[in-house]
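Heads up, entry_15.cif below (mmCIF, C-alpha atoms):
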data_target
loop_
_atom_site.label_atom_id
_atom_site.label_comp_id
_atom_site.auth_asym_id
_atom_site.auth_seq_id
_atom_site.Cartn_x
_atom_site.Cartn_y
_atom_site.Cartn_z
CA MET A 1 79.67 81.49 55.07
CA SER A 2 77.97 80.74 51.73
CA ILE A 3 79.39 82.27 48.56
CA PRO A 4 76.82 84.13 46.44
CA ALA A 5 76.34 83.06 42.83
CA HIS A 6 76.51 86.70 41.73
CA LEU A 7 77.58 90.11 43.05
CA THR A 8 76.11 93.39 41.85
CA ALA A 9 77.65 96.88 42.09
CA CYS A 10 75.41 99.95 41.81
CA ARG A 11 76.13 103.61 41.23
CA SER A 12 77.44 104.84 44.59
CA PRO A 13 77.65 108.12 46.48
CA ALA A 14 81.08 109.66 47.04
CA LEU A 15 83.49 107.15 48.56
CA SER A 16 85.68 108.14 51.47
CA GLY A 17 87.90 106.56 54.07
CA ARG A 18 91.26 105.04 54.82
CA VAL A 19 91.88 101.32 54.40
CA ARG A 20 94.84 98.98 54.24
CA ALA A 21 95.53 96.73 51.28
CA PRO A 22 95.88 93.01 52.00
CA GLY A 23 99.42 91.64 52.14
CA ASP A 24 101.25 91.41 48.84
CA LYS A 25 100.52 88.14 47.08
CA SER A 26 103.96 87.78 45.47
CA ILE A 27 105.81 88.40 48.73
CA SER A 28 103.48 86.06 50.65
CA HIS A 29 104.14 83.11 48.31
CA ARG A 30 107.89 83.64 48.50
CA ALA A 31 107.98 84.05 52.29
CA LEU A 32 106.31 80.67 52.78
CA ILE A 33 108.43 78.85 50.19
CA LEU A 34 111.80 80.27 51.26
CA GLY A 35 110.87 79.76 54.92
CA ALA A 36 110.22 76.09 54.19
CA MET A 37 113.53 75.74 52.29
CA ALA A 38 115.47 77.39 55.12
CA THR A 39 116.83 76.02 58.36
CA GLY A 40 115.13 77.46 61.42
CA VAL A 41 112.17 79.73 62.12
CA THR A 42 110.76 82.35 59.77
CA GLY A 43 108.25 84.76 61.28
CA ILE A 44 105.85 86.36 58.80
CA GLU A 45 103.79 89.47 59.58
CA GLY A 46 100.99 90.63 57.28
CA LEU A 47 100.70 87.43 55.21
CA LEU A 48 97.88 87.52 52.68
CA GLU A 49 95.34 84.91 53.77
CA GLY A 50 93.72 84.43 50.38
CA ASP A 51 93.03 81.02 48.87
CA ASP A 52 96.14 81.02 46.66
CA ILE A 53 98.46 81.67 49.60
CA LEU A 54 96.72 79.11 51.81
CA ALA A 55 97.30 76.54 49.04
CA THR A 56 101.02 77.35 49.12
CA ALA A 57 101.03 77.09 52.94
CA ARG A 58 99.52 73.59 52.71
CA ALA A 59 102.05 72.68 50.02
CA VAL A 60 105.14 73.66 52.02
CA GLU A 61 103.73 71.80 55.01
CA ALA A 62 103.43 68.72 52.80
CA PHE A 63 107.11 69.21 51.88
CA GLY A 64 108.05 68.85 55.55
CA ALA A 65 107.95 72.34 57.05
CA THR A 66 105.95 73.16 60.17
CA VAL A 67 103.47 75.94 59.39
CA GLU A 68 101.57 77.70 62.18
CA ARG A 69 99.03 80.53 62.11
CA LEU A 70 99.56 82.67 65.21
CA GLY A 71 96.91 85.31 64.50
CA GLU A 72 95.52 87.41 61.67
CA GLY A 73 98.34 87.71 59.13
CA ARG A 74 100.87 86.35 61.66
CA TRP A 75 102.45 83.05 60.66
CA ARG A 76 105.47 80.99 61.63
CA VAL A 77 107.28 78.57 59.32
CA THR A 78 109.89 76.19 60.71
CA GLY A 79 112.06 74.84 57.93
CA ARG A 80 114.27 71.78 58.05
CA GLY A 81 116.84 72.85 55.50
CA GLY A 82 115.01 71.63 52.41
CA PHE A 83 111.99 69.84 51.01
CA ARG A 84 111.17 66.25 51.98
CA GLN A 85 109.24 63.69 49.91
CA PRO A 86 105.54 64.61 50.11
CA ALA A 87 103.02 61.89 50.89
CA GLY A 88 100.42 62.93 48.29
CA VAL A 89 99.60 65.27 45.43
CA ILE A 90 100.54 68.94 45.84
CA ASP A 91 97.29 70.70 44.94
CA CYS A 92 98.00 74.37 44.24
CA GLY A 93 94.38 75.33 43.64
CA ASN A 94 94.30 78.43 41.43
CA ALA A 95 97.82 79.65 42.33
CA GLY A 96 99.89 80.06 39.17
CA THR A 97 102.73 81.75 41.04
CA GLY A 98 102.59 79.12 43.77
CA VAL A 99 102.85 76.11 41.49
CA ARG A 100 105.63 77.53 39.29
CA LEU A 101 107.79 78.61 42.21
CA LEU A 102 107.16 75.35 44.06
CA MET A 103 108.16 73.33 40.99
CA GLY A 104 111.42 75.28 40.81
CA ALA A 105 112.13 74.71 44.49
CA ALA A 106 111.17 71.01 44.44
CA ALA A 107 113.30 70.37 41.35
CA GLY A 108 116.42 70.95 43.43
CA TYR A 109 115.77 68.08 45.83
CA PRO A 110 115.97 64.30 45.23
CA ILE A 111 112.21 63.84 45.55
CA THR A 112 109.34 63.04 43.18
CA THR A 113 106.31 65.31 43.35
CA ASP A 114 102.90 65.23 41.69
CA PHE A 115 101.58 68.78 41.09
CA ASP A 116 97.97 69.60 40.24
CA GLY A 117 95.49 72.48 40.50
CA ASP A 118 91.91 73.48 39.83
CA ALA A 119 90.26 73.60 36.40
CA SER A 120 91.56 77.12 35.74
CA LEU A 121 95.16 76.31 36.68
CA ARG A 122 95.06 73.17 34.54
CA LYS A 123 94.57 75.42 31.49
CA ARG A 124 97.65 77.55 32.13
CA PRO A 125 100.95 76.84 30.30
CA MET A 126 103.79 75.35 32.33
CA LYS A 127 106.51 74.65 29.72
CA ARG A 128 107.88 78.18 30.08
CA VAL A 129 109.03 77.08 33.55
CA THR A 130 109.52 73.34 33.10
CA GLY A 131 111.63 73.87 29.94
CA PRO A 132 114.50 75.63 31.74
CA LEU A 133 114.18 73.30 34.73
CA ALA A 134 114.51 70.31 32.39
CA GLU A 135 117.70 71.86 30.99
CA MET A 136 119.02 71.87 34.56
CA GLY A 137 118.30 68.15 34.88
CA ALA A 138 114.80 67.91 36.35
CA ARG A 139 112.53 65.24 34.83
CA PHE A 140 108.85 65.82 34.02
CA GLY A 141 106.05 63.37 33.39
CA TRP A 142 102.92 64.93 31.89
CA GLN A 143 99.81 62.98 32.81
CA ASP A 144 97.15 64.37 30.45
CA ALA A 145 98.69 66.86 28.03
CA ALA A 146 102.21 68.24 27.68
CA ASP A 147 102.53 71.78 29.07
CA ARG A 148 99.49 71.46 31.35
CA LEU A 149 98.90 70.17 34.86
CA PRO A 150 98.87 67.56 36.31
CA VAL A 151 102.60 66.84 36.09
CA THR A 152 105.11 64.72 37.99
CA VAL A 153 108.46 66.34 38.80
CA ALA A 154 111.53 64.25 39.64
CA GLY A 155 114.26 66.46 41.08
CA GLY A 156 117.84 66.37 42.31
CA GLY A 157 121.22 66.24 40.58
CA LEU A 158 120.76 69.62 38.89
CA SER A 159 123.40 71.58 36.99
CA ALA A 160 123.43 75.36 36.67
CA ILE A 161 122.35 77.01 33.41
CA ASP A 162 122.67 80.42 31.78
CA HIS A 163 119.11 81.29 30.86
CA ILE A 164 118.14 84.18 28.59
CA GLN A 165 114.57 85.38 29.13
CA THR A 166 112.58 86.08 25.97
CA VAL A 167 109.61 87.39 27.98
CA ALA A 168 109.94 89.41 31.19
CA SER A 169 108.60 86.94 33.76
CA ALA A 170 109.35 86.94 37.47
CA GLN A 171 107.79 83.48 37.77
CA ILE A 172 110.22 81.89 35.30
CA LYS A 173 113.21 83.74 36.75
CA SER A 174 112.24 82.82 40.30
CA ALA A 175 111.71 79.13 39.53
CA ILE A 176 115.16 78.94 37.93
CA LEU A 177 116.82 80.75 40.84
CA LEU A 178 115.11 78.53 43.43
CA ALA A 179 116.26 75.43 41.55
CA GLY A 180 119.71 77.01 41.20
CA LEU A 181 120.11 77.08 44.98
CA ASN A 182 120.59 73.30 44.79
CA ALA A 183 122.33 73.08 41.41
CA GLU A 184 126.04 72.61 40.80
CA GLY A 185 127.64 75.81 39.54
CA ILE A 186 126.48 79.39 39.04
CA THR A 187 122.96 79.85 37.68
CA THR A 188 122.28 83.03 35.71
CA VAL A 189 119.14 84.60 34.28
CA THR A 190 119.47 87.44 31.78
CA GLU A 191 116.46 89.70 31.22
CA ALA A 192 116.15 92.16 28.35
CA GLU A 193 113.52 93.96 30.43
CA PRO A 194 113.52 93.81 34.24
CA SER A 195 110.77 91.74 35.86
CA ARG A 196 109.73 91.85 39.52
CA ASP A 197 112.77 91.45 41.76
CA HIS A 198 111.03 90.20 44.91
CA THR A 199 112.83 86.86 44.82
CA GLU A 200 116.28 88.45 44.61
CA ARG A 201 115.47 90.79 47.50
CA MET A 202 114.03 88.06 49.69
CA LEU A 203 116.83 85.59 49.00
CA ARG A 204 119.25 88.15 50.44
CA ALA A 205 117.08 88.43 53.56
CA PHE A 206 117.46 84.65 53.98
CA GLY A 207 121.26 84.95 53.75
CA ILE A 208 121.82 84.14 50.07
CA GLU A 209 124.34 86.05 47.95
CA VAL A 210 122.64 87.13 44.73
CA GLY A 211 124.44 89.06 42.01
CA VAL A 212 122.56 91.63 39.92
CA ARG A 213 124.25 93.73 37.26
CA PRO A 214 122.86 95.87 34.42
CA VAL A 215 122.84 94.42 30.90
CA GLY A 216 121.47 96.91 28.38
CA ALA A 217 117.98 97.92 29.48
CA GLY A 218 117.71 94.81 31.64
CA TRP A 219 119.93 92.90 34.02
CA LEU A 220 121.73 89.66 34.70
CA VAL A 221 120.90 87.85 37.94
CA SER A 222 123.22 85.14 39.27
CA LEU A 223 123.65 82.89 42.28
CA GLN A 224 126.04 80.13 43.31
CA GLY A 225 124.50 76.76 44.06
CA GLY A 226 124.96 75.13 47.44
CA GLN A 227 124.14 78.16 49.58
CA ALA A 228 122.01 77.53 52.66
CA LEU A 229 119.00 79.63 53.65
CA ALA A 230 118.54 80.69 57.28
CA GLY A 231 115.17 81.55 58.81
CA THR A 232 114.41 85.24 59.16
CA VAL A 233 111.58 87.72 59.73
CA VAL A 234 109.45 88.91 56.81
CA ASN A 235 107.12 91.91 57.02
CA VAL A 236 104.75 91.68 54.05
CA PRO A 237 103.86 95.09 52.53
CA GLY A 238 100.44 95.92 51.09
CA ASP A 239 99.74 94.54 47.62
CA PRO A 240 99.65 97.27 44.94
CA SER A 241 97.59 94.98 42.70
CA SER A 242 94.87 94.80 45.37
CA ALA A 243 95.19 98.46 46.35
CA ALA A 244 94.40 99.30 42.73
CA PHE A 245 90.70 98.46 43.16
CA PRO A 246 89.70 100.90 45.94
CA LEU A 247 92.00 103.52 44.39
CA ALA A 248 90.34 103.06 40.99
CA ALA A 249 86.94 103.51 42.60
CA GLY A 250 88.19 106.71 44.20
CA LEU A 251 89.23 108.03 40.79
CA ILE A 252 85.95 107.35 38.98
CA VAL A 253 83.18 107.85 41.58
CA PRO A 254 82.39 111.61 41.73
CA GLY A 255 83.36 113.38 44.96
CA SER A 256 85.47 110.53 46.28
CA GLU A 257 88.69 110.57 48.30
CA VAL A 258 90.16 107.18 49.22
CA THR A 259 93.46 106.41 50.98
CA VAL A 260 95.10 102.99 50.99
CA GLY A 261 97.86 102.65 53.57
CA GLY A 262 101.08 100.65 53.48
CA VAL A 263 101.17 99.98 49.72
CA MET A 264 104.38 98.55 48.21
CA LEU A 265 106.12 101.11 45.97
CA ASN A 266 108.67 98.84 44.31
CA PRO A 267 109.22 100.58 40.93
CA LEU A 268 108.73 97.24 39.16
CA ARG A 269 105.16 97.13 40.51
CA THR A 270 103.94 100.72 40.13
CA GLY A 271 103.32 100.94 36.38
CA LEU A 272 99.58 101.39 36.92
CA PHE A 273 100.05 104.38 39.21
CA GLU A 274 102.41 105.96 36.66
CA THR A 275 99.86 105.39 33.90
CA TRP A 276 97.02 106.86 35.95
CA ARG A 277 99.06 110.01 36.58
CA GLU A 278 99.64 110.33 32.83
CA MET A 279 95.86 110.11 32.44
CA GLY A 280 95.44 113.07 34.82
CA ALA A 281 94.67 111.18 38.03
CA ASP A 282 94.88 113.05 41.34
CA LEU A 283 97.06 110.45 43.04
CA THR A 284 99.38 111.34 45.91
CA VAL A 285 101.82 109.31 48.04
CA SER A 286 102.68 110.14 51.64
CA ASN A 287 104.50 108.59 54.59
CA ARG A 288 107.10 106.71 52.55
CA ARG A 289 108.95 104.11 54.62
CA MET A 290 110.56 100.65 54.43
CA ALA A 291 108.84 97.34 55.24
CA GLY A 292 110.17 93.87 54.50
CA GLY A 293 112.98 95.25 52.34
CA GLU A 294 110.51 97.16 50.16
CA GLU A 295 109.54 100.84 50.11
CA VAL A 296 105.89 101.39 51.07
CA GLY A 297 103.66 104.44 51.30
CA ASP A 298 100.10 105.63 51.76
CA ILE A 299 98.33 106.41 48.46
CA THR A 300 95.37 108.77 48.18
CA ALA A 301 93.12 108.84 45.10
CA ARG A 302 90.62 111.64 44.49
CA HIS A 303 87.93 111.77 41.83
CA SER A 304 89.62 112.91 38.63
CA THR A 305 88.91 113.87 35.05
CA LEU A 306 90.84 111.26 33.11
CA LYS A 307 92.06 111.29 29.53
CA GLY A 308 93.11 108.43 27.28
CA VAL A 309 96.79 107.59 26.84
CA VAL A 310 98.99 105.15 24.97
CA VAL A 311 100.54 102.83 27.55
CA PRO A 312 104.17 102.05 26.63
CA PRO A 313 104.45 98.31 25.90
CA GLU A 314 107.69 98.15 27.90
CA ARG A 315 105.68 99.04 31.00
CA ALA A 316 103.73 95.77 30.81
CA ALA A 317 106.01 93.86 33.20
CA ALA A 318 105.38 96.48 35.91
CA MET A 319 101.59 96.23 35.66
CA ILE A 320 100.58 93.06 33.85
CA ASP A 321 97.99 92.16 36.51
CA GLU A 322 96.56 95.69 36.57
CA TYR A 323 95.43 96.05 32.94
CA PRO A 324 91.88 94.87 33.74
CA VAL A 325 91.32 97.62 36.34
CA LEU A 326 93.11 100.13 34.10
CA ALA A 327 90.63 99.26 31.35
CA ALA A 328 87.75 99.82 33.77
CA THR A 329 89.01 103.28 34.71
CA ALA A 330 89.83 104.12 31.08
CA ALA A 331 86.15 103.58 30.25
CA PHE A 332 85.41 106.80 32.18
CA GLY A 333 88.18 108.82 30.52
CA GLU A 334 88.07 111.10 27.52
CA GLY A 335 89.47 109.55 24.37
CA ALA A 336 91.24 106.27 23.68
CA THR A 337 93.51 104.31 26.02
CA VAL A 338 95.73 102.03 23.98
CA MET A 339 97.22 98.93 25.63
CA ARG A 340 99.57 96.82 23.50
CA GLY A 341 102.34 94.29 24.01
CA ILE A 342 100.28 92.46 26.63
CA GLY A 343 99.66 89.08 25.00
CA GLU A 344 100.65 87.54 28.37
CA MET A 345 97.16 88.54 29.57
CA ARG A 346 95.65 85.83 27.40
CA VAL A 347 97.28 83.05 29.45
CA LYS A 348 96.51 84.30 32.97
CA GLU A 349 93.66 82.79 35.03
CA SER A 350 91.60 83.49 31.90
CA ASP A 351 92.00 85.26 28.58
CA ARG A 352 91.81 88.63 30.29
CA ILE A 353 91.90 90.64 27.07
CA ALA A 354 88.88 88.81 25.67
CA LEU A 355 86.92 88.91 28.93
CA MET A 356 87.56 92.60 29.61
CA ALA A 357 86.63 93.45 26.03
CA ALA A 358 83.42 91.43 26.26
CA GLY A 359 82.46 92.81 29.68
CA LEU A 360 83.11 96.44 28.77
CA THR A 361 81.26 96.06 25.49
CA ALA A 362 78.25 94.63 27.35
CA CYS A 363 78.35 97.75 29.55
CA GLY A 364 78.18 100.05 26.52
CA VAL A 365 81.89 100.82 26.23
CA ARG A 366 83.54 100.75 22.81
CA VAL A 367 86.52 98.38 22.72
CA GLU A 368 88.80 97.31 19.88
CA GLU A 369 90.53 94.00 20.58
CA GLU A 370 93.87 92.96 19.05
CA PRO A 371 95.90 89.75 19.36
CA GLU A 372 98.41 91.40 21.75
CA GLY A 373 96.26 94.09 23.33
CA PHE A 374 93.14 96.24 23.17
CA THR A 375 91.96 99.85 23.05
CA VAL A 376 89.25 101.28 25.31
CA PHE A 377 87.34 104.36 24.14
CA GLY A 378 86.11 106.39 27.10
CA GLY A 379 82.75 108.06 27.44
CA PRO A 380 79.46 107.54 29.26
CA VAL A 381 79.35 104.07 30.80
CA ARG A 382 75.88 102.58 30.65
CA GLY A 383 76.45 99.43 32.68
CA GLY A 384 73.31 97.33 33.04
CA ALA A 385 75.00 94.03 32.20
CA THR A 386 75.83 90.67 33.75
CA VAL A 387 79.50 89.98 33.10
CA THR A 388 80.98 86.52 32.59
CA THR A 389 84.23 86.21 34.58
CA HIS A 390 85.21 82.56 34.00
CA GLY A 391 86.10 82.56 37.70
CA ASP A 392 88.83 85.21 37.27
CA HIS A 393 89.11 87.35 40.41
CA ARG A 394 90.60 90.41 38.66
CA ILE A 395 87.91 90.39 35.96
CA ALA A 396 85.25 90.27 38.67
CA MET A 397 86.70 93.04 40.82
CA SER A 398 87.40 95.31 37.83
CA HIS A 399 83.77 95.15 36.66
CA LEU A 400 82.44 95.65 40.19
CA VAL A 401 84.54 98.82 40.44
CA LEU A 402 83.14 99.89 37.06
CA GLY A 403 79.61 99.32 38.37
CA LEU A 404 80.14 101.77 41.25
CA ALA A 405 80.26 104.65 38.73
CA ALA A 406 78.19 103.31 35.80
CA ASP A 407 74.68 104.59 35.04
CA GLU A 408 73.15 101.18 35.70
CA ALA A 409 74.13 98.27 37.95
CA VAL A 410 76.80 95.77 36.88
CA THR A 411 76.60 92.12 37.96
CA VAL A 412 79.44 89.56 37.87
CA ASP A 413 79.16 85.78 38.05
CA GLU A 414 81.42 83.41 40.01
CA PRO A 415 82.53 86.03 42.59
CA GLY A 416 83.80 83.37 44.97
CA MET A 417 87.18 83.45 43.21
CA ILE A 418 87.80 86.97 44.55
CA ALA A 419 88.96 85.21 47.73
CA THR A 420 92.06 83.94 45.91
CA SER A 421 93.72 87.35 46.22
CA PHE A 422 91.44 89.73 48.14
CA PRO A 423 89.18 87.88 50.59
CA GLY A 424 87.96 91.11 52.24
CA PHE A 425 87.23 93.00 49.01
CA VAL A 426 83.46 93.37 49.34
CA ALA A 427 83.54 94.40 53.00
CA LEU A 428 86.33 96.90 52.32
CA MET A 429 84.49 98.51 49.40
CA ARG A 430 81.25 98.68 51.39
CA GLY A 431 83.16 100.34 54.23
CA LEU A 432 84.20 103.11 51.85
CA GLY A 433 80.57 103.64 50.83
CA GLY A 434 80.43 101.40 47.79
CA VAL A 435 77.10 99.77 47.01
CA ILE A 436 77.84 96.07 46.36
CA ALA A 437 75.34 93.33 47.14
#
Structure rendered as structure tokens:
Amino acid sequence: MSIPAHLTACRSPALSGRVRAPGDKSISHRALILGAMATGVTGIEGLLEGDDILATARAVEAFGATVERLGEGRWRVTGRGGFRQPAGVIDCGNAGTGVRLLMGAAAGYPITTDFDGDASLRKRPMKRVTGPLAEMGARFGWQDAADRLPVTVAGGGLSAIDHIQTVASAQIKSAILLAGLNAEGITTVTEAEPSRDHTERMLRAFGIEVGVRPVGAGWLVSLQGGQALAGTVVNVPGDPSSAAFPLAAGLIVPGSEVTVGGVMLNPLRTGLFETWREMGADLTVSNRRMAGGEEVGDITARHSTLKGVVVPPERAAAMIDEYPVLAATAAFGEGATVMRGIGEMRVKESDRIALMAAGLTACGVRVEEEPEGFTVFGGPVRGGATVTTHGDHRIAMSHLVLGLAADEAVTVDEPGMIATSFPGFVALMRGLGGVIA
């Protein structure tokens, strides 16, 4: 199927329906990687089949695991107790989480691995992960520029470290913990603010003892090296970051009522929902239950009159990927929505602060940009613009959602990258009544 050069969203009638979010991206990466590190079979249900996850699946296969697709979202990984020497370059495509976690895992084995990615991933900083791994004993050879892919990682012979996080980052923490599984001693990571704890939860499911104790407002995570992972079953819950898009459309398109089923409700991932409620959103959760070690529920969003709020900077770790869609919904609110302490957004797949500010401004929304954040002033949203996305899937989807409620159509370029996290986005939105072509 050919990928269009542009997608356009037009003002839509009331949206309605019940859909299911695609499998959580963070859980999907980890299920494949831990399954490949383990001994035995890991069955995965509900795996996200976006481009980023498929890149990780190919990578763990190159590291010696057997990876089989049994049906839609149903996968089986047979691990051989660790990574083997890969025959070629590990190309992670656009997957920032994939490459950083894979580098951490590979660093623990006596193998040499060349990591690379697409043009977007080559622009993203890597030293935040490779720095701690180097302290543990891994060796890195930068081919073009230090801190950027491509890079060669020589692993094995690691020693545990006590790492203190200066920025709440689940990717850094996870890479260190994965390397720590094959390091001598007890590896610890101390966080002043808690980051996503999916790795800690999943390691336990694979039979690893992980210590977590409170330290101030954060926590200290520890594990003893030399523990062996055993294959298990992983049920992947719905991704709250993906669920955010149909829910946002439900909030801003008049007359709408949209339900997304099976959404992960891990408190370290629900900052956006908390913020929306503070803005006055009619957002309800029903049918709470457990799936894959995580609480999930069905979330219903109804068209709401929103008001601007100041988002607490300490909430950033629980919603860092959701600020683009928050900005899109804030454009329809009354007053200013202030988002600060989110400089991390500038080193995602793109400079998301700059691109959201530019796109919203082109659509007639007043935005004030700052080095570490931005403010969106709500009011009538004109639309009528073509938005440059720099191939960033969240920038594209956020502006398409905006276009469903704007006065005039909104077009985004490079929509093919939406498939990295939400391959069924357009069909799902059309099924709810959204006009996207």
Contact residues around A:Leu360 with all atoms listed in the file at 9 Å, ignoring same-chain residues under 3 positions, as a ChimeraX atom specification
/A:327-328,331,355-357,363-367,376,381,383,387,399,402
Find the spatial neighbours of stretch 144-161 of chain A, counting all atoms listed in the file, within a cut-off of 9 Å - ignore same-chain residues fewer than 5 positions away - and output them as a PDB file with C-alpha atoms, in the frame of the given file.
ATOM      1  CA  MET A 103     108.160  73.330  40.990  1.00  0.00           C
ATOM      2  CA  ALA A 106     111.170  71.010  44.440  1.00  0.00           C
ATOM      3  CA  ALA A 107     113.300  70.370  41.350  1.00  0.00           C
ATOM      4  CA  GLY A 108     116.420  70.950  43.430  1.00  0.00           C
ATOM      5  CA  TYR A 109     115.770  68.080  45.830  1.00  0.00           C
ATOM      6  CA  PRO A 110     115.970  64.300  45.230  1.00  0.00           C
ATOM      7  CA  ILE A 111     112.210  63.840  45.550  1.00  0.00           C
ATOM      8  CA  THR A 112     109.340  63.040  43.180  1.00  0.00           C
ATOM      9  CA  THR A 113     106.310  65.310  43.350  1.00  0.00           C
ATOM     10  CA  ASP A 114     102.900  65.230  41.690  1.00  0.00           C
ATOM     11  CA  PHE A 115     101.580  68.780  41.090  1.00  0.00           C
ATOM     12  CA  ASP A 116      97.970  69.600  40.240  1.00  0.00           C
ATOM     13  CA  GLY A 117      95.490  72.480  40.500  1.00  0.00           C
ATOM     14  CA  LEU A 121      95.160  76.310  36.680  1.00  0.00           C
ATOM     15  CA  ARG A 122      95.060  73.170  34.540  1.00  0.00           C
ATOM     16  CA  LYS A 123      94.570  75.420  31.490  1.00  0.00           C
ATOM     17  CA  ARG A 124      97.650  77.550  32.130  1.00  0.00           C
ATOM     18  CA  PRO A 125     100.950  76.840  30.300  1.00  0.00           C
ATOM     19  CA  MET A 126     103.790  75.350  32.330  1.00  0.00           C
ATOM     20  CA  LYS A 127     106.510  74.650  29.720  1.00  0.00           C
ATOM     21  CA  ARG A 128     107.880  78.180  30.080  1.00  0.00           C
ATOM     22  CA  THR A 130     109.520  73.340  33.100  1.00  0.00           C
ATOM     23  CA  PRO A 132     114.500  75.630  31.740  1.00  0.00           C
ATOM     24  CA  LEU A 133     114.180  73.300  34.730  1.00  0.00           C
ATOM     25  CA  GLU A 135     117.700  71.860  30.990  1.00  0.00           C
ATOM     26  CA  MET A 136     119.020  71.870  34.560  1.00  0.00           C
ATOM     27  CA  GLY A 137     118.300  68.150  34.880  1.00  0.00           C
ATOM     28  CA  ALA A 138     114.800  67.910  36.350  1.00  0.00           C
ATOM     29  CA  ARG A 139     112.530  65.240  34.830  1.00  0.00           C
ATOM     30  CA  ILE A 176     115.160  78.940  37.930  1.00  0.00           C
ATOM     31  CA  ALA A 179     116.260  75.430  41.550  1.00  0.00           C
ATOM     32  CA  GLY A 180     119.710  77.010  41.200  1.00  0.00           C
ATOM     33  CA  ASN A 182     120.590  73.300  44.790  1.00  0.00           C
ATOM     34  CA  ALA A 183     122.330  73.080  41.410  1.00  0.00           C
ATOM     35  CA  GLU A 184     126.040  72.610  40.800  1.00  0.00           C
ATOM     36  CA  GLY A 185     127.640  75.810  39.540  1.00  0.00           C
ATOM     37  CA  ILE A 186     126.480  79.390  39.040  1.00  0.00           C
ATOM     38  CA  THR A 187     122.960  79.850  37.680  1.00  0.00           C
ATOM     39  CA  THR A 188     122.280  83.030  35.710  1.00  0.00           C
ATOM     40  CA  VAL A 189     119.140  84.600  34.280  1.00  0.00           C
ATOM     41  CA  GLN A 224     126.040  80.130  43.310  1.00  0.00           C
ATOM     42  CA  GLY A 225     124.500  76.760  44.060  1.00  0.00           C
TER      43      GLY A 225
END
Pick from A:Gly23, A:Gly35, A:Gly261, A:Gly79, whichever lies nearest to A:Leu47 using all atoms listed in the file:
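Of A:Gly23, A:Gly35, A:Gly261, A:Gly79, the one nearest A:Leu47, counting all atoms listed in the file, is A:Gly23.
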Once the PyMOL selection byres ((chain A and resi 302-309) around 10) is applied to the coordinates I shared, what remains selected? I want it as a PyMOL selection string.
chain A and resi 14-16+247-259+275-284+300-301+310-312+329-339+375-378
Decode the PyMOL selection byres ((chain A and resi 38-45) around 8) for the given file into explicit residues and return them as a list of chain:residue names.
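That expression, the PyMOL selection byres ((chain A and resi 38-45) around 8), corresponds here to A:Ala31, A:Leu34, A:Gly35, A:Ala36, A:Met37, A:Gly46, A:Leu47, A:Gly73, A:Arg74, A:Trp75, A:Arg76, A:Val77, A:Thr78, A:Gly79, A:Arg80, A:Gly81, A:Gly82, A:Phe206, A:Ala228, A:Leu229, A:Ala230, A:Gly231, A:Thr232, A:Val233, A:Val234, A:Asn235, A:Val236.
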Would you compute an axis-aligned box for stretch 391-401 of chain A, covering every atom listed for it in the file with 5 Å of margin on each side, and report centre and edge lengths in Å to one decimal as AutoDock Vina command-line options?
--center_x 86.5 --center_y 90.7 --center_z 38.4 --size_x 18.2 --size_y 26.3 --size_z 14.9
Translate the PyMOL selection byres ((chain A and resi 348) around 12), as applied to the file shown, into an explicit residue set as a PyMOL selection string.
chain A and resi 94-97+120-126+320-324+342-347+349-355+390-395
Return the single residue from A:Val296, A:Ala316, A:Ile208, A:Leu265 that is closest to A:Glu372, with distances computed using all atoms listed in the file.
A:Ala316
In Å, how far is it from atom CA of A:Leu177 to atom CA of A:Phe273?
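Atom CA of A:Leu177 sits 29.0 Å away from atom CA of A:Phe273.
If you look at atom CA of A:Asp51 and atom CA of A:Leu203, they are 24.2 Å away from each other.
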Nearest residue to A:Gln171 from the set A:Arg201, A:Arg18, A:Arg315, A:His29 (distances using only C-alpha atoms)
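Of the candidates, the smallest distance to A:Gln171 is held by A:His29.
Take atom CA of A:Glu72 and atom CA of A:Gly271: the distance between them is 29.7 Å.
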Using all atoms listed in the file, can you tell me which of A:Leu272, A:Val412, A:Leu428, A:Val221 comes closest to A:Lys173?
A:Val221
With distances taken over only C-alpha atoms, which of A:Glu61, A:Glu370, A:Asp413, A:Glu193 is nearest to A:Thr166?
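Comparing A:Glu61, A:Glu370, A:Asp413, A:Glu193 against A:Thr166, the winner is A:Glu193.
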With all atoms listed in the file as the basis for distance, which of A:Leu70, A:Ala9, A:Gly93, A:Ser26 is at the shortest distance from A:Ala405?
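Under the stated criterion, the closest residue is A:Ala9.
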Filled-in N, CA and C atoms of stretch 85-89 of chain A, supplied as a short mmCIF file (atom, residue, chain, number, x, y, z; two decimals), in the coordinates of the input:
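What landed in part_31.cif:
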data_model
loop_
_atom_site.label_atom_id
_atom_site.label_comp_id
_atom_site.auth_asym_id
_atom_site.auth_seq_id
_atom_site.Cartn_x
_atom_site.Cartn_y
_atom_site.Cartn_z
N GLN A 85 110.19 64.37 50.81
CA GLN A 85 109.24 63.69 49.91
C GLN A 85 107.81 63.86 50.43
N PRO A 86 106.92 64.47 49.65
CA PRO A 86 105.54 64.61 50.11
C PRO A 86 104.78 63.30 50.00
N ALA A 87 103.78 63.15 50.85
CA ALA A 87 103.02 61.89 50.89
C ALA A 87 101.97 61.80 49.80
N GLY A 88 101.49 62.96 49.30
CA GLY A 88 100.42 62.93 48.29
C GLY A 88 100.61 64.01 47.24
N VAL A 89 99.56 64.27 46.50
CA VAL A 89 99.60 65.27 45.43
C VAL A 89 99.66 66.67 46.04
#
